[in-house]
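Presented below is the structure to which this report refers.
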There are 4 protein chains.
Amino acid sequence: MKNKNKTVWSARFSNATSKNFEKIGASIDIDKRLFEEDILGSVIHVQMLAKQKIIDRKRGNRIVKGLKKIRNEIRKNKFYFNKKYEDIHLNIEKRLFEIIGDDAGYLHIARSRNDQVITDFKLWIKKSSNEIIKKLNIVIKSFLKKSEENVHTIMPGFTHLKNAQPISFAHYLLAYVEMFKRDKKRFSNNIEYINLCPLGVGALAGTSYKIDRNFTSKKLGFKNPTSNSIDTVSDRDFALDFLSSASICAMHITRLAEEIIIWNSDIFKLIKIDDKMLTGSSIMPQKKNPDPAELIRGRAGKNFGALFAMLTTMKGLPLSYYKDMQEDKALVFNSYDTLLESLTIVDELIKNIKPLKERMLFLSREGHTTATDFADYLVQNNNFSFREAYKVSAKLVNYAEKNKKKLDELSFNEVRKMNNKLNNNVMKVFNVKNSVNSKTSYGGTSIKNIKKMISKLKKEFKK
Amino acid sequence: MKNKNKTVWSARFSNATSKNFEKIGASIDIDKRLFEEDILGSVIHVQMLAKQKIIDRKRGNRIVKGLKKIRNEIRKNKFYFNKKYEDIHLNIEKRLFEIIGDDAGYLHIARSRNDQVITDFKLWIKKSSNEIIKKLNIVIKSFLKKSEENVHTIMPGFTHLKNAQPISFAHYLLAYVEMFKRDKKRFSNNIEYINLCPLGVGALAGTSYKIDRNFTSKKLGFKNPTSNSIDTVSDRDFALDFLSSASICAMHITRLAEEIIIWNSDIFKLIKIDDKMLTGSSIMPQKKNPDPAELIRGRAGKNFGALFAMLTTMKGLPLSYYKDMQEDKALVFNSYDTLLESLTIVDELIKNIKPLKERMLFLSREGHTTATDFADYLVQNNNFSFREAYKVSAKLVNYAEKNKKKLDELSFNEVRKMNNKLNNNVMKVFNVKNSVNSKTSYGGTSIKNIKKMISKLKKEFKK
Amino acid sequence: MKNKNKTVWSARFSNATSKNFEKIGASIDIDKRLFEEDILGSVIHVQMLAKQKIIDRKRGNRIVKGLKKIRNEIRKNKFYFNKKYEDIHLNIEKRLFEIIGDDAGYLHIARSRNDQVITDFKLWIKKSSNEIIKKLNIVIKSFLKKSEENVHTIMPGFTHLKNAQPISFAHYLLAYVEMFKRDKKRFSNNIEYINLCPLGVGALAGTSYKIDRNFTSKKLGFKNPTSNSIDTVSDRDFALDFLSSASICAMHITRLAEEIIIWNSDIFKLIKIDDKMLTGSSIMPQKKNPDPAELIRGRAGKNFGALFAMLTTMKGLPLSYYKDMQEDKALVFNSYDTLLESLTIVDELIKNIKPLKERMLFLSREGHTTATDFADYLVQNNNFSFREAYKVSAKLVNYAEKNKKKLDELSFNEVRKMNNKLNNNVMKVFNVKNSVNSKTSYGGTSIKNIKKMISKLKKEFKK
Amino acid sequence: MKNKNKTVWSARFSNATSKNFEKIGASIDIDKRLFEEDILGSVIHVQMLAKQKIIDRKRGNRIVKGLKKIRNEIRKNKFYFNKKYEDIHLNIEKRLFEIIGDDAGYLHIARSRNDQVITDFKLWIKKSSNEIIKKLNIVIKSFLKKSEENVHTIMPGFTHLKNAQPISFAHYLLAYVEMFKRDKKRFSNNIEYINLCPLGVGALAGTSYKIDRNFTSKKLGFKNPTSNSIDTVSDRDFALDFLSSASICAMHITRLAEEIIIWNSDIFKLIKIDDKMLTGSSIMPQKKNPDPAELIRGRAGKNFGALFAMLTTMKGLPLSYYKDMQEDKALVFNSYDTLLESLTIVDELIKNIKPLKERMLFLSREGHTTATDFADYLVQNNNFSFREAYKVSAKLVNYAEKNKKKLDELSFNEVRKMNNKLNNNVMKVFNVKNSVNSKTSYGGTSIKNIKKMISKLKKEFKK
């Protein structure tokens with residue numbers, strides 16, 4: 001092998017790596033994103049080696065100094081990444097040799113790339129899960145603010161996209177707060193799972209050096225070291241957990257986006273989106289399209305796809321490390337970027353949406369949305385069974401439909417035809433505001449409930 | 001509509017449901033599996049209605065009695081399920097009318113199928129997650145038992161399916177214990193998420209009856225009632241959590257299955273599987289195939305497929321309830337059955353596998369598996385940097401390969417040629433048992449470590 | 001092994017199969033659906049063996065007679081399927097022994113279950129693809145009929161769910177005809193791919209008997225025998241082709257379903273669905289929900305899921321046959337049933353939908369849908385560049401919006417303010433019918449185009 | 001809107017696009033890859049406009065000249081892509097204004113980005129499918145060459161990874177040729193599907209200009225223009241067809257990769273891979289790992305993921321154009337790059353693999369691989385039924401196993417114990433070469449068959 005820039009493992013090889021594979025197999029374009037984690041991991045590893053007297057303290061200091069210099073170079077875009085050295089780990093090691101000479105050869109004592117890369121990746125996912133959580137907090141606060149402004153905004157609640165019952169717009173918004181709270185909990189739990197430090201398990205079997213895994217684990221912010229060296233280098237559950245949580249969160253976003261797109265149609269007109277969050281057409285001069293909402297709806301595909309890609313990659317892999325797993329980082333980075341961007345758009349969207357209150361109120365009266373209130377009235381006041389009451393109310397709806405009236409446009413005489421024991425008091429159930437306010441059961445849409453809920457949530461998300 | 005067997009909602013309809021849709025849209029074949037949960041939910045709901053004086057206590061008792069009679073009928077296979085009534089909820093309601101007459105009409109007060117079905121489904125998933133957890137406990141115990149028997153069984157550890165370092169077979173088995181422990185934690189956490197009771201949110205808006213959601217929630221074994229009625233009827237996160245956890249667990253199983261299949265090949269011959277877990281060929285008389293292992297490897301596809309089906313179904317659904325979501329149950333039932341069966345097979349497989357110890361030991365010496373130990377020796381005893389030591393060891397491997405010797409077949413003279421400062425003490429590093437025992441770092445494969453770990457895990461899984 | 005009902009391969013086994021695996025691993029509940037194909041395949045195989053003098057003709061006749069008797073038993077539900085014998089092939093073979101005695105032992109000459117099952121499965125997929133094609137023809141004809149009735153029905157065309165340009169409802173419907181035509185072509189092409197007969201490749205290596213694969217291939221309706229025995233028993237591409245085509249078709253259906261659901265909302269009200277294809281609510285008396293449309297939208301998840309399950313199962317399988325592949329049939333059957341049912345619902349939906357023509361026309365005038373026509377007018381008559389014309393038209397839209405007018409409600413004076421060279425002729429471009437009719441480019445929405453297209457398609461789908 | 005660099009559609013907007021959305025929503029980083037297709041499409045469009053006298057010929061020439069200048073700039077990396085202008089189409093249009101002034105405004109006559117982008121994308125997919133086909137041809141030829149060299153190389157054929165029957169290594173390789181031939185056919189058929197030109201359907205309704213779609217269609221290399229303008233802008237089937245074909249091809253690659261990895265293990269040792277296609281370990285000096293094979297196995301996940309992402313994105317989209325669809329290009333580009341790279345690796349791998357012939361032959365005798373030949377002998381020479389013969393052969397295998405002999409190590413006396421009518425002639429069936437050569441049925445592994453097949457395939461792939 002004539003090649004001058006030898007790889008660390010060249011001593012066993014009589015032929016240089018295929019140029020094609022060098023290009024395709026190198027992960028440096030992707031995993032250079034881990035440089036902060038990689039250098040931090042190496043620094044802590046070296047400090048432990050010195051503390052344990054496995055290497056000389058002075059040598060350790062030289063290595064740490066060299067690593068910090070490299071970190072600075074990368075941060076300042078002054079580092080040249082070379083595909084020849086495959087990945088971030090070997091690129092840094094090679095550069096370390098250039099800076100401090102043969103002392104660099106002591107860095108890789110009691111360590112393999114197998115444990116090194118998982119340590120880096122776990123650190124990155126922890127950091128990034130926290131970024132998602134921070135962004136979810138921001139999004140939730142925007143929803144709370146919008147809710148607070150719209151406690152009294154009445155709109156039609158939908159099932160099957162048919163008008164079902166009148167609700168408060170705030171109540172609708174709070175439904176998304178519940179979803180994003182669950183998303184947040186998912187990412188938080190993931191961090192808890194991930195909290196075991198891989199560093200020190202070596203290639204797959206552990207090591208004979210007297211290393212202190214509790215030290216490295218603590219210093220790197222993990223709770224404990226992992227318990228089985230083979231499992232540690234084979235495990236990518238933490239990536240799957242991230243990708244699964246991202247997919248579920250992205251799914252929530254598609255639902256919101258769908259809603260915004262429908263509500264923004266020229267026909268629904270339930271909301272007005274600020275021009276900032278609309279785009280035009282190249283051909284139709286009148287158009288103002290909710291592109292941002294569509295984009296985040298479509299992009300959920302990427303999150304789902306990344307999850308499935310990772311499951312596919314892991315399927316049927318025997319233990320322990322296989323190059324197949326290298327794909328994990330591109331998938332997680334892609335899913336993370338996509339989700340963070342989508343959440344950014346969600347936040348801007350919700351801030352730039354104005355409910356068209358009159359239209360909302362008007363439409364909440366369409367579709368006989370208080371028919372259930374009438375049935376409930378019959379149960380509560382006339383001792384009907386619900387099934388009887390349901391039939392009477394259905395009859396009233398049929399009558400109203402035939403006469404092209406909304407329920408609150410009917411006269412008492414018309415209503416009384418359904419049952420002659422009714423008294424005038426019944427007429428209040430057809431009013432949509434009364435309907436909303438009557439839903440006082442816990443979790444229901446009554447204004448009082450909503451106010452309480454907002455105030456409770458605001459406390460929860462104050463910080 | 002001439003049809004005699006009217007649906008509950010027939011009063012508004014002038015045409016009977018299409019026969020095709022009645023057949024295709026009915027979910028009764030699937031959701032009858034929820035009958036226990038459905039009846040329990042109804043019983044508790046009625047008790048609450050009576051307690052709150054929303055219905056008369058005597059009437060409540062009659063309803064409860066009727067429901068229990070129906071439960072008995074279903075348990076004894078004496079219940080006739082009718083597609084006409086779509087689902088388990090309406091089938092039971094219809095039968096209740098037959099048994100107790102018009103009092104049945106009071107059951108559906110302050111309740112919608114929307115909250116009813118989620119309550120049933122959440123109860124079922126809780127129960128079934130616990131079944132999975134129980135099965136995981138059994139599987140883990142079988143692995144622990146097999147580990148205990150094989151602490152001293154040395155085998156080659158693999159990376160890239162190439163012989164890497166000698167390890168204990170017990171250590172390998174314990175890697176799977178770690179995976180199944182994570183699976184167990186996932187299902188446990190899911191139960192924690194799911195622990196909010198949907199009952200009482202109505203169709204989507206809550207209800208005007210003075211219901212007591214804390215009562216129903218407690219009686220049904222939930223922690224609290226859900227907080228937002230719209231979210232409650234729209235939410236299927238709990239199904240996705242289940243499907244995601246099942247997929248990850250199934251992925252672990254594929255890895256084990258793959259391993260067993262490779263180890264069982266006529267060429268590896270690392271294990272012997274009992275005839276109970278093998279099948280023959282219809283044409284090749286000599287064959288004994290590891291069909292069970294292959295089956296559980298292939299079936300992971302079903303678990304992954306169910307997860308992606310559910311993500312697809314939820315994608316872009318606006319709030320709140322849509323018939324699309326009906327598919328959730330078939331998917332979860334299918335994934336549950338598949339996983340539980342696969343875990344059953346895993347358990348039987350592990351019980352019926354015998355490591356071929358001599359072969360394992362023999363192969364652990366192949367592939368120069370102690371080359372790293374030699375490098376580490378040079379670092380620890382001759383003050384080499386790891387990179388220098390690595391090169392020297394690589395040279396030794398080249399020499400051994402050329403001379404067709406295993407490392408432990410080399411003479412001290414041959415080894416000393418690599419570095420003349422070596423003393424005879426070095427020769428012990430080439431012994432695979434020494435290699436295994438030297439890996440004393442936490443999580444490493446040394447016998448002492450493994451014994452400690454098994455004893456710790458046995459305590460954890462005693463109950 | 002005490003068991004009396006021995007499996008065909010029991011001679012090599014000292015232990016009976018695990019009861020658990022017997023239950024889980026048996027595929028008979030699924031693959032009994034292949035009985036017609038299996039018996040046909042066996043009959044042709046035996047006829048070939050006799051023709052080639054590999055077995056005695058009389059013996060061959062006895063076997064054929066026995067097989068036909070079994071076919072009759074199964075057709076008449078008089079056959080007892082036994083999980084003990086794993087699958088349809090061994091169940092039939094066992095029964096054949098009961099009926100004709102030891103002659104049954106000659107059936108499996110020069111054949112393995114590996115080639116037998118693929119032959120059955122390919123025959124089934126061919127038949128079933130043709131069923132899908134037939135159903136697609138029916139659906140297309142229903143769309144054509146509905147199109148023909150609605151050539152003159154003007155509606156708003158949407159991009160981004162915003163009103164874009166007026167179109168004919170027929171044109172919208174014909175867009176789905178194009179999709180279903182592509183689906184049809186996909187399934188037809190699949191049949192072409194699948195047209196190679198596996199029978200006779202044996203377990204994986206071919207056979208030493210002088211069989212005539214061309215004979216069996218022709219008699220079974222295939223074009224040719226397959227060319228490589230190893231590939232033949234390893235290949236499941238034909239199942240993936242089916243599942244992929246089914247997923248794309250299901251995706252088309254989700255789009256139609258979404259459209260129907262939106263159009264059927266109380267707010268769009270573009271269509272009226274017959275009560276046959278609507279269902280009610282258990283709690284809200286007024287509700288009429290488009291459940292069938294929602295169901296087929298949600299169920300696409302199953303089709304996608306089956307495709308990904310199969311891809312997962314095949315991933316990383318070395319050649320040749322593995323039990324993993326047994327899952328193929330359940331996945332394809334499930335996807336087929338789901339798709340066929342969904343297409344049945346599509347057909348009924350389209351037949352039971354009535355466009356609300358006045359509402360459609362009214363809404364087609366909303367959203368300034370003729371702004372592009374105005375810009376095109378400026379280009380065609382006033383020599384504007386399109387970008388200039390676009391700006392002028394945008395200005396007009398701004399003006400109209402501010403003054404709350406539709407474009408066809410503007411006066412010539414108002415329009416002329418945008419450009420003083422305009423003459424009164426311009427006013428015709430704001431009429432939505434004119435707009436529709438002006439789109440005479442091939443594939444455009446002009447009435448003339450549509451009529452031609454319908455007439456062409458009707459000829460294509462006459463038979 | 002103060003912004004100087006106005007978008008084309010700014011006239012209707014009072015607020016500049018959100019900076020966040022500008023950044024996230026812009027597709028220019030992705031779709032600039034379409035620049036060749038975009039400029040070609042524009043050039044042909046303008047030529048048609050001039051031919052139809054819709055624009056002045058001189059103006060047309062100026063536009064074409066400007067476009068060609070831009071093409072040169074991009075080819076030479078001298079073009080500045082601006083996210084502000086969202087995508088490749090508007091970036092080019094903006095630059096055209098800079099170069100030729102207001103004449104650029106005539107380019108977008110009778111065209112929308114909706115039809116423009118699909119035209120570009122279809123052209124790109126056609127080109128790229130042809131690239132895949134070319135690469136498949138190269139790969140197939142490499143397999144043929146390797147087959148030709150290994151006609152007489154005997155190896156064990158596997159089912160269930162257990163030794164099944166002896167086969168020729170060439171026969172194994174030819175199985176992959178069959179797979180890649182099917183892949184090729186799939187991509188070829190896709191090109192046939194895709195062969196309808198979208199250009200000229202406008203935003204969704206067609207256009208009122210007298211355009212000549214047949215002209216543009218022909219000039220761009222399509223067969224015909226598309227037939228329905230709404231379908232045309234809504235359709236992404238062609239992307240799904242590509243992604244599905246890529247996934248199936250990637251699946252084939254995972255199978256080959258798996259095989260190579262297993263065969264390359266220190267335990268199988270069936271092949272030797274050249275150092276070019278191996279990599280080392282950072283810690284274990286002896287290691288030579290088949291990283292390239294692992295990489296292409298793992299990466300199939302990306303291909304599957306892209307397919308699922310696209311299906312997700314399209315699910316439930318109403319007609320016609322939605323921004324959701326913008327994601328299509330990133331997915332297809334990613335899947336294409338991944339597949340092309342994987343095929344490159346496949347080609348290099350197959351060229352750099354050497355079968356270890358002695359080891360292969362040795363192992364082909366393990367596992368009683370000629371037991372079926374013995375059974376067939378009994379049928380053919382002693383008039384046994386296959387089921388009887390199977391049992392006798394099974395007994396022989398049991399005997400050999402007990403006595404630790406291979407079948408070809410048994411004496412005639414030992415064999416005759418199974419059946420006393422046997423004559424010495426039977427002994428030849430235990431020879432693995434005889435076994436291979438006896439498989440003369442069409443598609444079987446006999447040397448004669450293989451030679452014929454190779455010669456036939458070489459003719460097919462000569463060009």
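Ordering of the structure tokens sets the chain letters (A, B, ...); residue numbers start at 1 within each chain; ligands are numbered from 1 in the order shown.
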Note to self: Can you tell me, as a list in words, which residues in range 225-433 of chain D count as strand (DSSP E) by DSSP?
What the structure shows: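 Going through range 225-433 of chain D, the strand (DSSP E) residues come out as Pro225, Ile271, Lys272, Ile273, Ile353, Lys354 and Pro355 of chain D.
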Selected residues written out, N, CA and C atoms, as a short mmCIF file (atom, residue, chain, number, x, y, z; two decimals), in the first residue's frame:
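File part-v3.cif, as written:
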data_model
loop_
_atom_site.label_atom_id
_atom_site.label_comp_id
_atom_site.auth_asym_id
_atom_site.auth_seq_id
_atom_site.Cartn_x
_atom_site.Cartn_y
_atom_site.Cartn_z
N PRO D 225 -48.96 14.12 -24.79
CA PRO D 225 -49.30 14.96 -23.64
C PRO D 225 -50.29 14.23 -22.71
N ILE D 271 -15.67 -17.53 1.02
CA ILE D 271 -15.10 -16.59 0.05
C ILE D 271 -13.95 -15.81 0.67
N LYS D 272 -13.16 -15.22 -0.20
CA LYS D 272 -12.14 -14.28 0.23
C LYS D 272 -12.42 -12.96 -0.46
N ILE D 273 -12.54 -11.91 0.34
CA ILE D 273 -12.79 -10.59 -0.23
C ILE D 273 -11.46 -9.85 -0.29
N ILE D 353 -14.52 -10.59 -5.05
CA ILE D 353 -14.77 -11.78 -4.23
C ILE D 353 -14.18 -13.00 -4.92
N LYS D 354 -13.47 -13.80 -4.16
CA LYS D 354 -12.93 -15.05 -4.70
C LYS D 354 -13.52 -16.21 -3.92
N PRO D 355 -14.21 -17.13 -4.60
CA PRO D 355 -14.72 -18.29 -3.88
C PRO D 355 -13.56 -19.17 -3.43
#
Note to self: Show me, as a PyMOL selection string, the residues of chain A whose atoms get within 6 Å of chain D, using only C-alpha atoms for the distance check.
What the structure shows: chain A and resi 9+15-18+112+275-276+280+283+291+294-295+298+301-302+305-306+308-309+312-313+323-324
Write a file of the selected residues as a compact mmCIF listing (two decimals), in the first residue's frame, keeping N, CA and C atoms.
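And here is the file that came out, selection_16.txt:
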# COMPACT_ATOMS: atom_id res chain seq x y z
N TRP A 9 -5.71 1.51 10.66
CA TRP A 9 -5.70 0.05 10.62
C TRP A 9 -4.94 -0.51 9.41
N ASN A 15 -3.83 -3.85 0.37
CA ASN A 15 -4.44 -3.09 -0.71
C ASN A 15 -5.15 -1.88 -0.13
N ALA A 16 -5.06 -0.75 -0.76
CA ALA A 16 -5.76 0.43 -0.28
C ALA A 16 -7.26 0.25 -0.50
N THR A 17 -8.04 0.91 0.32
CA THR A 17 -9.49 0.85 0.19
C THR A 17 -9.93 1.34 -1.18
N SER A 18 -10.94 0.70 -1.72
CA SER A 18 -11.53 1.12 -2.99
C SER A 18 -11.91 2.60 -2.92
N SER A 112 -12.87 1.91 22.06
CA SER A 112 -13.06 1.51 20.68
C SER A 112 -13.94 2.57 20.02
N ASP A 275 -50.35 37.56 6.00
CA ASP A 275 -49.61 37.40 4.74
C ASP A 275 -48.23 36.78 4.94
N LYS A 276 -47.64 37.03 6.11
CA LYS A 276 -46.32 36.47 6.40
C LYS A 276 -46.28 34.96 6.21
N GLY A 280 -47.86 33.22 -2.70
CA GLY A 280 -48.68 33.43 -3.89
C GLY A 280 -48.46 32.35 -4.92
N ILE A 283 -48.98 31.89 -11.31
CA ILE A 283 -49.88 32.13 -12.44
C ILE A 283 -51.20 32.77 -12.05
N ASP A 291 -49.09 27.76 2.26
CA ASP A 291 -47.93 26.89 2.02
C ASP A 291 -47.25 26.38 3.28
N GLU A 294 -49.10 23.52 4.69
CA GLU A 294 -49.00 22.34 3.82
C GLU A 294 -47.63 21.68 3.94
N LEU A 295 -46.62 22.53 4.01
CA LEU A 295 -45.27 21.98 4.09
C LEU A 295 -45.10 21.09 5.32
N GLY A 298 -46.93 17.81 4.85
CA GLY A 298 -46.25 16.88 3.96
C GLY A 298 -44.98 16.29 4.55
N GLY A 301 -44.07 12.93 6.52
CA GLY A 301 -43.60 11.76 5.79
C GLY A 301 -42.13 11.47 6.06
N LYS A 302 -41.35 12.53 6.11
CA LYS A 302 -39.92 12.36 6.38
C LYS A 302 -39.68 11.76 7.76
N GLY A 305 -40.76 8.19 7.64
CA GLY A 305 -39.81 7.45 6.80
C GLY A 305 -38.52 7.15 7.54
N ALA A 306 -38.03 8.11 8.33
CA ALA A 306 -36.79 7.90 9.07
C ALA A 306 -36.97 6.79 10.12
N PHE A 308 -39.09 4.29 9.94
CA PHE A 308 -39.15 3.00 9.26
C PHE A 308 -37.80 2.57 8.73
N ALA A 309 -37.04 3.54 8.23
CA ALA A 309 -35.69 3.23 7.73
C ALA A 309 -34.85 2.61 8.85
N THR A 312 -35.95 -0.89 9.75
CA THR A 312 -35.48 -1.78 8.68
C THR A 312 -34.01 -2.11 8.87
N THR A 313 -33.23 -1.08 9.11
CA THR A 313 -31.79 -1.27 9.25
C THR A 313 -31.46 -2.20 10.41
N LYS A 323 -21.60 -2.25 10.48
CA LYS A 323 -21.56 -0.98 9.74
C LYS A 323 -22.96 -0.51 9.34
N ASP A 324 -23.89 -1.45 9.20
CA ASP A 324 -25.28 -1.08 8.87
C ASP A 324 -25.74 0.09 9.74
Next item on the list: Find the residues around Lys452 in chain D up to 12 Å (only C-alpha atoms counted), leave out those fewer than 6 positions away in its own chain, and share them as JSON, numbers by chain.
Entry: {"C": [227, 228], "D": [147, 148, 151, 170, 171, 174, 440, 442, 443, 444, 445, 446, 458, 459]}
Notebook entry, point to check: Which distance in Å separates CA of Glu414 in chain A and CA of Ile55 in chain B, to one decimal?
Noted result: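 CA of Glu414 in chain A sits 28.8 Å away from CA of Ile55 in chain B.
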Checklist line | Atom pair CA of Asp373 in chain C / CA of Thr226 in chain D: separation (Å) | finding: 22.2 Å
Item checked: Per-residue DSSP, range 36-256 of chain D, filtered to alpha helix (DSSP H), as JSON, numbers by chain -> {"D": [36, 37, 38, 39, 40, 41, 42, 43, 44, 45, 46, 47, 48, 49, 50, 51, 57, 58, 59, 60, 61, 62, 63, 64, 65, 66, 67, 68, 69, 70, 71, 72, 73, 74, 75, 88, 89, 90, 91, 92, 93, 94, 95, 96, 97, 98, 99, 100, 113, 114, 115, 116, 117, 118, 119, 120, 121, 122, 123, 124, 125, 126, 127, 128, 129, 130, 131, 132, 133, 134, 135, 136, 137, 138, 139, 140, 141, 142, 143, 144, 145, 146, 147, 148, 149, 169, 170, 171, 172, 173, 174, 175, 176, 177, 178, 179, 180, 181, 182, 183, 184, 185, 186, 187, 188, 189, 190, 191, 192, 193, 213, 214, 215, 216, 217, 218, 219, 229, 230, 231, 232, 233, 234, 237, 238, 239, 240, 241, 242, 243, 244, 245, 246, 247, 248, 249, 250, 251, 252, 253, 254, 255, 256]}
Note to self: Using only C-alpha atoms, can you tell me which of A:Lys351, A:Lys145, A:Lys405, A:Lys269 comes closest to Gly367 in chain A?
What the structure shows: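 Closest residue, counting only C-alpha atoms: A:Lys405.
As for CA of Ser364 in chain B and CA of Pro166 in chain B, they are spaced 5.5 Å apart.
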Contacts of Ile125 in chain A at 9 Å or less, counting only C-alpha atoms, minus same-chain residues fewer than 5 places along, as a tab-separated table (two decimals) with N, CA and C atoms, in the first residue's frame?
chain	number	residue	atom	x	y	z
A	120	ASP	N	-20.97	9.60	21.79
A	120	ASP	CA	-21.21	10.87	21.09
A	120	ASP	C	-22.68	11.03	20.73
A	130	ASN	N	-33.60	17.86	24.35
A	130	ASN	CA	-33.85	19.06	25.15
A	130	ASN	C	-34.21	20.26	24.29
A	191	ILE	N	-35.03	10.78	27.39
A	191	ILE	CA	-33.78	11.22	28.01
A	191	ILE	C	-33.48	10.34	29.23
A	194	ILE	N	-32.07	7.08	28.04
A	194	ILE	CA	-30.79	7.19	27.36
A	194	ILE	C	-29.65	7.41	28.35
A	238	PHE	N	-32.25	3.82	21.61
A	238	PHE	CA	-32.40	5.25	21.92
A	238	PHE	C	-32.67	6.07	20.65
A	239	ALA	N	-32.09	5.63	19.52
A	239	ALA	CA	-32.38	6.32	18.26
A	239	ALA	C	-33.82	6.04	17.83
A	242	PHE	N	-36.20	8.09	19.85
A	242	PHE	CA	-36.25	9.46	19.36
A	242	PHE	C	-37.11	9.55	18.10
A	332	VAL	N	-31.49	10.24	12.17
A	332	VAL	CA	-31.88	11.01	13.36
A	332	VAL	C	-31.69	12.52	13.10
Note to self: Can you tell me which residues surround Ser42 in chain D at a distance of at most 9 Å, considering only C-alpha atoms, apart from same-chain residues fewer than 2 positions away, and format the answer as an MDAnalysis selection string?
What the structure shows: chainID D and resid 37:40 44:47 64 67 107:108 116
